[in-house]
Amino acid sequence: MLSFDPTWNDIYENGQENRYPWDSVVSFVFRNKPNKPRNETHILELGCGTGCNLWFCANEGFIVSGVDGAEKAINVAIKRFKSEGLIGELTCADFTCLPQKDNSVDLIIDRGSLTCTPYPLLIDTLREANRVLKLGGRMLFTPYADTHTSAVSGIYDENTRLVTEISKGSLIGAGQLCFLGLEDIRKLFSNKGWKILSVKLKQEIEVFFEDQNNHAEYHVIVEKIDSKS
């Protein structure tokens with residue numbers, strides 16, 4: 001069982017390159033950064049892709065690290081950082097075995113990456129996230145919601161809880177995806193290592209055409225309150 005969806009290797013090989021940060025990431029960083037200098041604040045992104053979010057963070061003066069399973073994406077990110085004189089630790093790695101040290105990271109960003117991970121390995125990944133976060137550090141977690149149109153349009157695997165071969169909605173061609181409900185989120189962060197600070201369900205519904213597709217995702221902010229998860 002792989003924590004990384006190989007589909008993304010092909011997507012990046014075909015030239016996929018996001019260059020600018022997601023607004024949700026910008027908001028998360030500025031609202032949750034610790035009260036200390038930016039050059040002492042370490043931000044890690046899980047599934048950094050070609051580095052658009054970390055590019056923003058590095059330009060703002062933060063210490064940045066990123067991991068992704070797609071070597072092509074990491075190489076593109078490294079090349080961009082080098083060409084613009086930015087510093088970042090960008091690594092091709094598995095989410096379930098992060099290269100960062102214990103209690104070394106202030107903020108963790110997940111912008112639509114962990115939702116590609118099989119549910120059993122998602123649990124392992126969150127345990128790793130708790131390990132590398134400092135006490136009081138915060139994480140942005142953005143899984144797709146089980147109310148998403150694409151959630152019921154593919155083939156569902158009960159063991160991994162992944163949906164593949166999606167045929168409807170905004171996630172056609174996005175590979176394997178794990179869709180979560182609110183109760184799933186409660187369970188994932190129910191142990192004493194985490195405190196849920198915010199859970200928002202964000203939806204965009206097509207209302208003009210007859211096929212009213214619903215793009216639904218959770219934006220979850222959690223804080224590390226204990227090292228045991």
# chains A, B, ... in the order shown; residues from 1 in each chain; ligands from 1

call {"tool": "residues_around", "arguments": {"residues": "Ser170 in chain A", "least_positions_apart": "4", "cutoff": "10 Å", "atoms": "only C-alpha atoms", "output": "list in words"}}
result
His148, Thr149, Ser150, Ile166, Ala174, Asn213, Asn214, His215 and Ala216 of chain A

call {"tool": "closest_atom_pairs", "arguments": {"of": "range 2-91 of chain A", "to": "range 187-203 of chain A", "cutoff": "12 Å", "atoms": "only C-alpha atoms", "output": "Markdown table"}}
result
| residue | atom | partner | partner_atom | distance |
| --- | --- | --- | --- | --- |
| A:Ser24 | CA | A:Lys202 | CA | 10.9 |
| A:Phe28 | CA | A:Ser198 | CA | 11.2 |
| A:Asn32 | CA | A:Leu197 | CA | 10.8 |

call {"tool": "residues_around", "arguments": {"residues": "Pro21 in chain A", "least_positions_apart": "2", "cutoff": "10 Å", "atoms": "only C-alpha atoms", "output": "JSON, numbers by chain"}}
result
{"A": [18, 19, 23, 24, 25, 26, 51, 52, 53, 54, 55, 56, 57, 111]}

call {"tool": "select_by_dssp", "arguments": {"residues": "range 24-73 of chain A", "states": "alpha helix (DSSP H)", "output": "list in words"}}
result
Ser24, Val25, Val26, Ser27, Phe28, Val29, Phe30, Arg31, Asn32, Cys52, Asn53, Leu54, Trp55, Phe56, Cys57, Ala58, Asn59, Glu71, Lys72 and Ala73 of chain A

call {"tool": "residues_around", "arguments": {"residues": "Ile78 in chain A", "least_positions_apart": "2", "cutoff": "9 Å", "atoms": "only C-alpha atoms", "output": "count of residues only"}}
result
13
